[in-house]
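Visitor: JSON, C-alpha atoms, file protein-v2.json:
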```json
[["chain", "number", "residue", "atom", "x", "y", "z"],
["A", 2, "MET", "CA", 72.16, 54.85, -21.30],
["A", 3, "ILE", "CA", 75.08, 56.36, -19.42],
["A", 4, "ALA", "CA", 78.55, 55.81, -20.91],
["A", 5, "ILE", "CA", 81.28, 56.87, -18.50],
["A", 6, "SER", "CA", 84.92, 55.85, -18.82],
["A", 7, "ASN", "CA", 85.53, 55.94, -15.04],
["A", 8, "PRO", "CA", 82.30, 54.91, -13.24],
["A", 9, "THR", "CA", 83.93, 54.92, -9.76],
["A", 10, "ASP", "CA", 84.86, 58.59, -10.08],
["A", 11, "GLU", "CA", 81.38, 59.44, -11.38],
["A", 12, "LEU", "CA", 79.63, 57.46, -8.64],
["A", 13, "GLY", "CA", 81.64, 59.37, -6.02],
["A", 14, "GLN", "CA", 80.67, 62.65, -7.67],
["A", 15, "LEU", "CA", 76.97, 61.68, -7.66],
["A", 16, "ARG", "CA", 77.20, 60.72, -3.97],
["A", 17, "ARG", "CA", 78.72, 64.13, -3.15],
["A", 18, "MET", "CA", 76.05, 65.89, -5.22],
["A", 19, "ARG", "CA", 73.29, 64.03, -3.35],
["A", 20, "LEU", "CA", 74.79, 64.90, 0.02],
["A", 21, "VAL", "CA", 75.12, 68.59, -0.86],
["A", 22, "SER", "CA", 71.57, 68.56, -2.27],
["A", 23, "VAL", "CA", 70.14, 67.15, 0.98],
["A", 24, "VAL", "CA", 72.14, 69.61, 3.12],
["A", 25, "GLU", "CA", 70.92, 72.54, 0.99],
["A", 26, "GLY", "CA", 67.33, 71.25, 1.19],
["A", 27, "CYS", "CA", 67.49, 70.85, 4.99],
["A", 28, "THR", "CA", 68.89, 74.35, 5.57],
["A", 29, "LEU", "CA", 66.16, 75.81, 3.32],
["A", 30, "LEU", "CA", 63.45, 73.99, 5.29],
["A", 31, "ILE", "CA", 64.89, 75.18, 8.62],
["A", 32, "LEU", "CA", 65.09, 78.74, 7.27],
["A", 33, "VAL", "CA", 61.56, 78.82, 5.84],
["A", 34, "PHE", "CA", 59.67, 76.75, 8.42],
["A", 35, "VAL", "CA", 61.59, 77.52, 11.63],
["A", 36, "ALA", "CA", 63.69, 80.68, 11.43],
["A", 37, "VAL", "CA", 61.23, 82.86, 9.48],
["A", 38, "PRO", "CA", 58.22, 82.04, 11.76],
["A", 39, "ILE", "CA", 60.42, 82.65, 14.83],
["A", 40, "LYS", "CA", 61.31, 86.05, 13.39],
["A", 41, "HIS", "CA", 57.82, 87.14, 12.34],
["A", 42, "LEU", "CA", 55.68, 85.45, 15.01],
["A", 43, "GLY", "CA", 58.12, 85.43, 17.90],
["A", 44, "GLY", "CA", 59.90, 88.67, 17.11],
["A", 45, "HIS", "CA", 63.38, 87.12, 17.34],
["A", 46, "ALA", "CA", 65.35, 88.25, 14.27],
["A", 47, "ILE", "CA", 68.41, 86.34, 15.49],
["A", 48, "ALA", "CA", 66.98, 83.11, 14.01],
["A", 49, "THR", "CA", 67.15, 84.39, 10.43],
["A", 50, "THR", "CA", 70.41, 86.23, 11.14],
["A", 51, "ILE", "CA", 71.96, 82.85, 11.91],
["A", 52, "MET", "CA", 70.13, 80.61, 9.42],
["A", 53, "GLY", "CA", 70.25, 83.06, 6.49],
["A", 54, "PRO", "CA", 74.04, 82.93, 6.00],
["A", 55, "ILE", "CA", 74.16, 79.17, 6.75],
["A", 56, "HIS", "CA", 71.61, 78.49, 4.02],
["A", 57, "GLY", "CA", 73.40, 80.99, 1.75],
["A", 58, "MET", "CA", 76.64, 79.03, 2.05],
["A", 59, "ALA", "CA", 74.83, 75.70, 1.52],
["A", 60, "PHE", "CA", 73.13, 77.14, -1.58],
["A", 61, "LEU", "CA", 76.44, 78.38, -3.03],
["A", 62, "LEU", "CA", 78.07, 75.00, -2.44],
["A", 63, "TYR", "CA", 75.07, 73.37, -4.10],
["A", 64, "ILE", "CA", 75.37, 75.57, -7.22],
["A", 65, "TRP", "CA", 79.13, 74.96, -7.40],
["A", 66, "THR", "CA", 78.73, 71.18, -7.02],
["A", 67, "LEU", "CA", 75.87, 71.14, -9.54],
["A", 68, "MET", "CA", 77.98, 72.99, -12.13],
["A", 69, "GLN", "CA", 80.89, 70.63, -11.45],
["A", 70, "THR", "CA", 78.69, 67.54, -11.72],
["A", 71, "VAL", "CA", 76.91, 68.48, -14.95],
["A", 72, "SER", "CA", 80.11, 69.74, -16.61],
["A", 73, "GLY", "CA", 81.90, 66.51, -15.76],
["A", 74, "ALA", "CA", 79.33, 64.19, -17.35],
["A", 75, "ASP", "CA", 76.56, 64.16, -19.93],
["A", 76, "PHE", "CA", 73.44, 65.39, -18.19],
["A", 77, "PRO", "CA", 70.24, 66.10, -20.13],
["A", 78, "ARG", "CA", 69.58, 69.85, -20.22],
["A", 79, "ALA", "CA", 66.10, 69.30, -18.72],
["A", 80, "ASP", "CA", 67.64, 67.60, -15.66],
["A", 81, "VAL", "CA", 70.07, 70.49, -15.18],
["A", 82, "ILE", "CA", 67.26, 73.07, -15.30],
["A", 83, "ARG", "CA", 65.12, 70.96, -12.95],
["A", 84, "MET", "CA", 67.97, 70.67, -10.43],
["A", 85, "MET", "CA", 68.57, 74.44, -10.63],
["A", 86, "VAL", "CA", 64.90, 75.27, -10.02],
["A", 87, "ALA", "CA", 64.55, 72.66, -7.25],
["A", 88, "ALA", "CA", 67.14, 74.52, -5.15],
["A", 89, "PHE", "CA", 64.68, 77.39, -4.72],
["A", 90, "ILE", "CA", 61.69, 75.24, -3.73],
["A", 91, "PRO", "CA", 61.26, 73.68, -0.27],
["A", 92, "PHE", "CA", 61.50, 69.87, -0.57],
["A", 93, "GLY", "CA", 62.83, 70.27, -4.14],
["A", 94, "ALA", "CA", 66.27, 69.10, -3.04],
["A", 95, "PHE", "CA", 64.85, 65.77, -1.94],
["A", 96, "HIS", "CA", 63.40, 65.27, -5.40],
["A", 97, "ASN", "CA", 66.88, 65.98, -6.76],
["A", 98, "ALA", "CA", 68.40, 63.43, -4.41],
["A", 99, "ARG", "CA", 65.98, 60.82, -5.77],
["A", 100, "THR", "CA", 66.85, 61.70, -9.39],
["A", 101, "LEU", "CA", 70.57, 61.46, -8.59],
["A", 102, "ARG", "CA", 70.07, 58.15, -6.81],
["A", 103, "LYS", "CA", 68.36, 56.72, -9.89],
["A", 104, "ARG", "CA", 71.30, 57.84, -12.00],
["A", 105, "GLN", "CA", 73.69, 56.28, -9.49],
["A", 106, "ILE", "CA", 71.86, 52.92, -9.65],
["A", 107, "LEU", "CA", 71.81, 53.06, -13.45],
["A", 108, "LEU", "CA", 75.52, 53.84, -13.58],
["A", 109, "ALA", "CA", 76.41, 51.13, -11.06],
["A", 110, "SER", "CA", 74.56, 48.56, -13.15],
["A", 111, "THR", "CA", 76.48, 49.37, -16.37],
["B", 5, "MET", "CA", 92.34, 95.62, 15.87],
["B", 6, "GLN", "CA", 88.71, 95.70, 14.83],
["B", 7, "VAL", "CA", 87.05, 92.42, 13.88],
["B", 8, "TYR", "CA", 86.08, 93.96, 10.55],
["B", 9, "LEU", "CA", 89.71, 94.49, 9.56],
["B", 10, "TRP", "CA", 90.57, 90.87, 10.33],
["B", 11, "LEU", "CA", 87.62, 89.71, 8.25],
["B", 12, "LYS", "CA", 88.72, 92.00, 5.41],
["B", 13, "ALA", "CA", 92.34, 90.80, 5.54],
["B", 14, "PHE", "CA", 91.40, 87.11, 5.38],
["B", 15, "HIS", "CA", 88.69, 87.80, 2.79],
["B", 16, "ILE", "CA", 91.24, 89.40, 0.46],
["B", 17, "ALA", "CA", 93.77, 86.60, 1.08],
["B", 18, "ALA", "CA", 91.17, 83.87, 0.41],
["B", 19, "ALA", "CA", 89.88, 85.67, -2.70],
["B", 20, "THR", "CA", 93.42, 85.97, -4.09],
["B", 21, "ILE", "CA", 93.98, 82.21, -3.63],
["B", 22, "TRP", "CA", 90.58, 81.40, -5.17],
["B", 23, "ILE", "CA", 91.08, 83.63, -8.22],
["B", 24, "SER", "CA", 94.62, 82.35, -8.84],
["B", 25, "GLY", "CA", 93.28, 78.77, -8.79],
["B", 26, "LEU", "CA", 90.49, 79.79, -11.14],
["B", 27, "VAL", "CA", 92.93, 81.33, -13.64],
["B", 28, "VAL", "CA", 95.17, 78.23, -13.55],
["B", 29, "ALA", "CA", 92.17, 75.95, -14.16],
["B", 30, "GLY", "CA", 91.02, 78.23, -17.00],
["B", 31, "LEU", "CA", 94.45, 78.16, -18.63],
["B", 32, "ALA", "CA", 94.65, 74.36, -18.29],
["B", 33, "VAL", "CA", 91.32, 73.94, -20.08],
["B", 34, "ALA", "CA", 92.30, 76.50, -22.74],
["B", 35, "GLY", "CA", 95.58, 74.60, -23.22],
["B", 36, "ARG", "CA", 93.65, 71.37, -23.73],
["B", 37, "LEU", "CA", 91.52, 73.09, -26.36],
["B", 38, "SER", "CA", 94.56, 74.30, -28.28],
["B", 39, "ARG", "CA", 96.04, 70.76, -28.33],
["B", 40, "ALA", "CA", 93.27, 69.70, -30.74],
["B", 41, "GLY", "CA", 92.93, 66.14, -29.44],
["B", 42, "ILE", "CA", 96.60, 65.34, -28.79],
["B", 43, "TRP", "CA", 96.75, 63.84, -25.33],
["B", 44, "ALA", "CA", 100.14, 63.12, -23.71],
["B", 45, "THR", "CA", 100.97, 61.46, -20.37],
["B", 46, "GLN", "CA", 102.41, 64.74, -19.06],
["B", 47, "ASP", "CA", 99.03, 66.37, -19.66],
["B", 48, "THR", "CA", 97.32, 63.81, -17.44],
["B", 49, "LEU", "CA", 99.87, 64.34, -14.65],
["B", 50, "TYR", "CA", 99.51, 68.11, -15.00],
["B", 51, "LEU", "CA", 95.72, 67.92, -14.91],
["B", 52, "ASP", "CA", 95.83, 65.59, -11.90],
["B", 53, "ALA", "CA", 97.98, 68.12, -9.99],
["B", 54, "ILE", "CA", 95.61, 70.97, -10.90],
["B", 55, "ARG", "CA", 92.58, 68.92, -9.88],
["B", 56, "ARG", "CA", 94.09, 68.04, -6.51],
["B", 57, "TRP", "CA", 94.98, 71.72, -5.96],
["B", 58, "ASP", "CA", 91.47, 72.71, -6.98],
["B", 59, "ARG", "CA", 89.89, 70.29, -4.48],
["B", 60, "SER", "CA", 92.17, 70.94, -1.54],
["B", 61, "VAL", "CA", 93.00, 74.66, -1.89],
["B", 62, "THR", "CA", 90.88, 76.53, -4.45],
["B", 63, "LEU", "CA", 87.48, 75.20, -3.31],
["B", 64, "PRO", "CA", 88.07, 75.87, 0.43],
["B", 65, "ALA", "CA", 89.42, 79.33, -0.50],
["B", 66, "MET", "CA", 86.23, 80.03, -2.47],
["B", 67, "LEU", "CA", 84.00, 79.00, 0.45],
["B", 68, "LEU", "CA", 86.08, 81.07, 2.86],
["B", 69, "THR", "CA", 85.90, 84.08, 0.52],
["B", 70, "TRP", "CA", 82.10, 83.85, 0.48],
["B", 71, "ALA", "CA", 81.75, 83.23, 4.23],
["B", 72, "LEU", "CA", 83.99, 86.15, 5.18],
["B", 73, "GLY", "CA", 82.41, 88.38, 2.53],
["B", 74, "ILE", "CA", 78.91, 87.67, 3.88],
["B", 75, "ALA", "CA", 80.12, 88.33, 7.44],
["B", 76, "MET", "CA", 81.67, 91.66, 6.38],
["B", 77, "ALA", "CA", 78.57, 92.75, 4.47],
["B", 78, "MET", "CA", 76.34, 91.89, 7.44],
["B", 79, "GLN", "CA", 78.57, 93.75, 9.85],
["B", 80, "ALA", "CA", 78.76, 96.84, 7.66],
["B", 81, "GLY", "CA", 75.07, 96.71, 6.62],
["B", 82, "TRP", "CA", 75.83, 96.70, 2.89],
["B", 83, "PHE", "CA", 73.17, 94.28, 1.70],
["B", 84, "SER", "CA", 70.95, 97.13, 0.49],
["B", 85, "SER", "CA", 73.74, 98.72, -1.61],
["B", 86, "TYR", "CA", 73.54, 98.41, -5.40],
["B", 87, "TRP", "CA", 77.30, 98.07, -5.81],
["B", 88, "LEU", "CA", 77.21, 94.97, -3.60],
["B", 89, "MET", "CA", 74.36, 93.47, -5.64],
["B", 90, "ILE", "CA", 76.42, 93.91, -8.83],
["B", 91, "LYS", "CA", 79.48, 92.47, -7.11],
["B", 92, "LEU", "CA", 77.48, 89.46, -5.86],
["B", 93, "THR", "CA", 76.22, 88.82, -9.40],
["B", 94, "ILE", "CA", 79.77, 88.83, -10.75],
["B", 95, "VAL", "CA", 81.08, 86.66, -7.91],
["B", 96, "GLY", "CA", 78.15, 84.26, -8.47],
["B", 97, "ALA", "CA", 79.14, 84.00, -12.13],
["B", 98, "LEU", "CA", 82.75, 83.30, -11.09],
["B", 99, "LEU", "CA", 81.49, 80.57, -8.73],
["B", 100, "ALA", "CA", 79.52, 78.94, -11.57],
["B", 101, "LEU", "CA", 82.53, 79.26, -13.89],
["B", 102, "HIS", "CA", 84.74, 77.62, -11.26],
["B", 103, "GLY", "CA", 82.30, 74.71, -10.96],
["B", 104, "MET", "CA", 82.26, 74.31, -14.75],
["B", 105, "LEU", "CA", 86.06, 74.35, -14.96],
["B", 106, "SER", "CA", 86.37, 71.88, -12.11],
["B", 107, "GLY", "CA", 83.90, 69.50, -13.80],
["B", 108, "THR", "CA", 85.62, 69.93, -17.16],
["B", 109, "LEU", "CA", 89.02, 69.11, -15.63],
["B", 110, "ARG", "CA", 87.50, 65.97, -14.09],
["B", 111, "ARG", "CA", 86.12, 65.01, -17.46],
["B", 112, "GLN", "CA", 89.36, 65.77, -19.29],
["B", 113, "GLU", "CA", 91.40, 63.70, -16.85],
["B", 114, "ARG", "CA", 89.32, 60.73, -17.94],
["B", 115, "GLY", "CA", 90.44, 61.47, -21.50],
["B", 116, "ALA", "CA", 87.09, 62.75, -22.67],
["B", 117, "ASP", "CA", 86.44, 64.74, -25.83],
["B", 118, "ARG", "CA", 87.31, 68.42, -26.26],
["B", 119, "PRO", "CA", 85.96, 70.82, -23.62],
["B", 120, "ALA", "CA", 83.29, 73.40, -24.46],
["B", 121, "THR", "CA", 84.91, 76.08, -26.66],
["B", 122, "VAL", "CA", 83.42, 78.89, -24.55],
["B", 123, "LEU", "CA", 85.76, 77.87, -21.71],
["B", 124, "ARG", "CA", 88.69, 79.14, -23.81],
["B", 125, "TYR", "CA", 87.77, 82.57, -22.45],
["B", 126, "ALA", "CA", 87.50, 81.48, -18.79],
["B", 127, "ALA", "CA", 90.82, 83.01, -17.66],
["B", 128, "PRO", "CA", 90.34, 86.41, -19.37],
["B", 129, "ALA", "CA", 86.72, 86.53, -18.17],
["B", 130, "THR", "CA", 87.94, 85.91, -14.61],
["B", 131, "ILE", "CA", 90.39, 88.81, -14.87],
["B", 132, "VAL", "CA", 87.70, 91.15, -16.22],
["B", 133, "GLY", "CA", 85.40, 90.09, -13.37],
["B", 134, "VAL", "CA", 88.07, 90.69, -10.72],
["B", 135, "VAL", "CA", 88.97, 94.13, -12.10],
["B", 136, "THR", "CA", 85.29, 95.11, -12.13],
["B", 137, "ILE", "CA", 84.89, 93.89, -8.54],
["B", 138, "ALA", "CA", 87.98, 95.85, -7.41],
["B", 139, "ILE", "CA", 86.58, 99.05, -8.94],
["B", 140, "LEU", "CA", 83.13, 98.49, -7.38],
["B", 141, "VAL", "CA", 84.51, 97.71, -3.93],
["B", 142, "VAL", "CA", 86.95, 100.60, -3.79],
["B", 143, "THR", "CA", 84.76, 103.33, -5.33],
["B", 144, "LYS", "CA", 81.33, 102.05, -4.12],
["B", 145, "PRO", "CA", 79.68, 104.14, -6.86],
["B", 146, "PHE", "CA", 76.01, 103.45, -5.97]]
```
Represent the structure contained in this file as structure tokens.
Guide:
Amino acid sequence: MIAISNPTDELGQLRRMRLVSVVEGCTLLILVFVAVPIKHLGGHAIATTIMGPIHGMAFLLYIWTLMQTVSGADFPRADVIRMMVAAFIPFGAFHNARTLRKRQILLAST
Amino acid sequence: MQVYLWLKAFHIAAATIWISGLVVAGLAVAGRLSRAGIWATQDTLYLDAIRRWDRSVTLPAMLLTWALGIAMAMQAGWFSSYWLMIKLTIVGALLALHGMLSGTLRRQERGADRPATVLRYAAPATIVGVVTIAILVVTKPF
């Protein structure tokens, strides 16, 4: 059960968290499955030179938004750890987005 | 003027704005802790102003600080230096602290319970982090 005094504010926060999570996940996939093969198989280091910093910025924004989201509401510790770990795993961010969506639906129904 | 110097100038400016916002947020949370549950209208207005500043100024300044810092480090080829690794660890901790403070302010504005006591030390911890970073960046000891 989620008890929040201002559900609109919290729903907006969860939407932002989902968006950042998907952006971080997409940049990680592009880095791992496009830029890195281009560098090692094609010999073009420029791909990782461009995608590395872009993913780095997306990752930092993800960590910041995650800390903001979990500090602003009651999140189970296990969920926080799972969302942290998921940021390092390809496709993990999409699992996060699903978890956050479930929380959004639950909150909207209360 | 060299591109590097422009990057450095804006990096320092953005970092100054970020850190000042971080200290203000830390002091606001510490102030809330010392009130021991007393919650006045002025507090809500004050917190609202800090939150708006945090969203519109401090967060963009933080992202700009990181972006310019990464660009500088790439240009200068510092990513293999130990001093930079230590600096990045400290700046990462400051980023996490900023996120925590921002979330706590959001929660406090809703009139929630007392913030985590550990956040009482957010402002002094920020200052210690910044001083350490300044020493590392200027002396580049390793």
Visitor: For chain B versus chain A, which residues have an atom no more than 12 Å away, and what is each residue's nearest atom pair and distance in Å rounded to one decimal, using only C-alpha atoms, chain-then-number order, as CSV?
Guide:
```
residue,atom,partner,partner_atom,distance
B:Arg55,CA,A:Gln69,CA,11.9
B:Asp58,CA,A:Gln69,CA,11.7
B:Arg59,CA,A:Gln69,CA,11.4
B:Leu63,CA,A:Trp65,CA,9.3
B:Pro64,CA,A:Leu62,CA,10.4
B:Met66,CA,A:Leu62,CA,9.6
B:Leu67,CA,A:Met58,CA,7.5
B:Leu68,CA,A:Met58,CA,9.7
B:Thr69,CA,A:Met58,CA,10.7
B:Trp70,CA,A:Met58,CA,7.5
B:Ala71,CA,A:Met58,CA,7.0
B:Leu72,CA,A:Pro54,CA,10.5
B:Gly73,CA,A:Pro54,CA,10.6
B:Ile74,CA,A:Pro54,CA,7.1
B:Ala75,CA,A:Pro54,CA,8.3
B:Met76,CA,A:Pro54,CA,11.6
B:Ala77,CA,A:Pro54,CA,10.9
B:Met78,CA,A:Thr50,CA,9.0
B:Gln79,CA,A:Thr50,CA,11.2
B:Leu92,CA,A:Leu61,CA,11.5
B:Val95,CA,A:Leu61,CA,10.7
B:Gly96,CA,A:Leu61,CA,8.2
B:Ala97,CA,A:Trp65,CA,10.2
B:Leu98,CA,A:Trp65,CA,9.8
B:Leu99,CA,A:Trp65,CA,6.2
B:Ala100,CA,A:Trp65,CA,5.8
B:Leu101,CA,A:Met68,CA,7.9
B:His102,CA,A:Trp65,CA,7.3
B:Gly103,CA,A:Gln69,CA,4.3
B:Met104,CA,A:Gln69,CA,5.1
B:Leu105,CA,A:Gln69,CA,7.3
B:Ser106,CA,A:Gln69,CA,5.7
B:Gly107,CA,A:Gln69,CA,4.0
B:Thr108,CA,A:Gly73,CA,5.2
B:Leu109,CA,A:Gly73,CA,7.6
B:Arg110,CA,A:Gly73,CA,5.9
B:Arg111,CA,A:Gly73,CA,4.8
B:Gln112,CA,A:Gly73,CA,8.3
B:Glu113,CA,A:Asn7,CA,9.9
B:Arg114,CA,A:Ser6,CA,6.6
B:Gly115,CA,A:Ser6,CA,8.3
B:Ala116,CA,A:Ser6,CA,8.2
B:Asp117,CA,A:Ala74,CA,11.1
B:Arg118,CA,A:Gly73,CA,12.0
B:Pro119,CA,A:Ser72,CA,9.2
B:Ala120,CA,A:Ser72,CA,9.2
B:Leu123,CA,A:Ser72,CA,11.1
```
Visitor: May I ask for the distance between CA of Leu101 in chain A and CA of Pro77 in chain A, given in Å to one decimal place?
Guide: 12.4 Å
Visitor: Quick check, in Å to one decimal: how far apart do CA of Tyr63 in chain A and CA of Asp52 in chain B lie?
Guide: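 Calculated distance between CA of Tyr63 in chain A and CA of Asp52 in chain B is 23.5 Å.
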Visitor: Using all atoms listed in the file for the distances, tell me which of B:Trp82, B:Phe146, B:Tyr50, B:Trp22 is nearest to Val134 in chain B.
Guide: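 Among the listed residues, B:Trp22 lies closest to Val134 in chain B.
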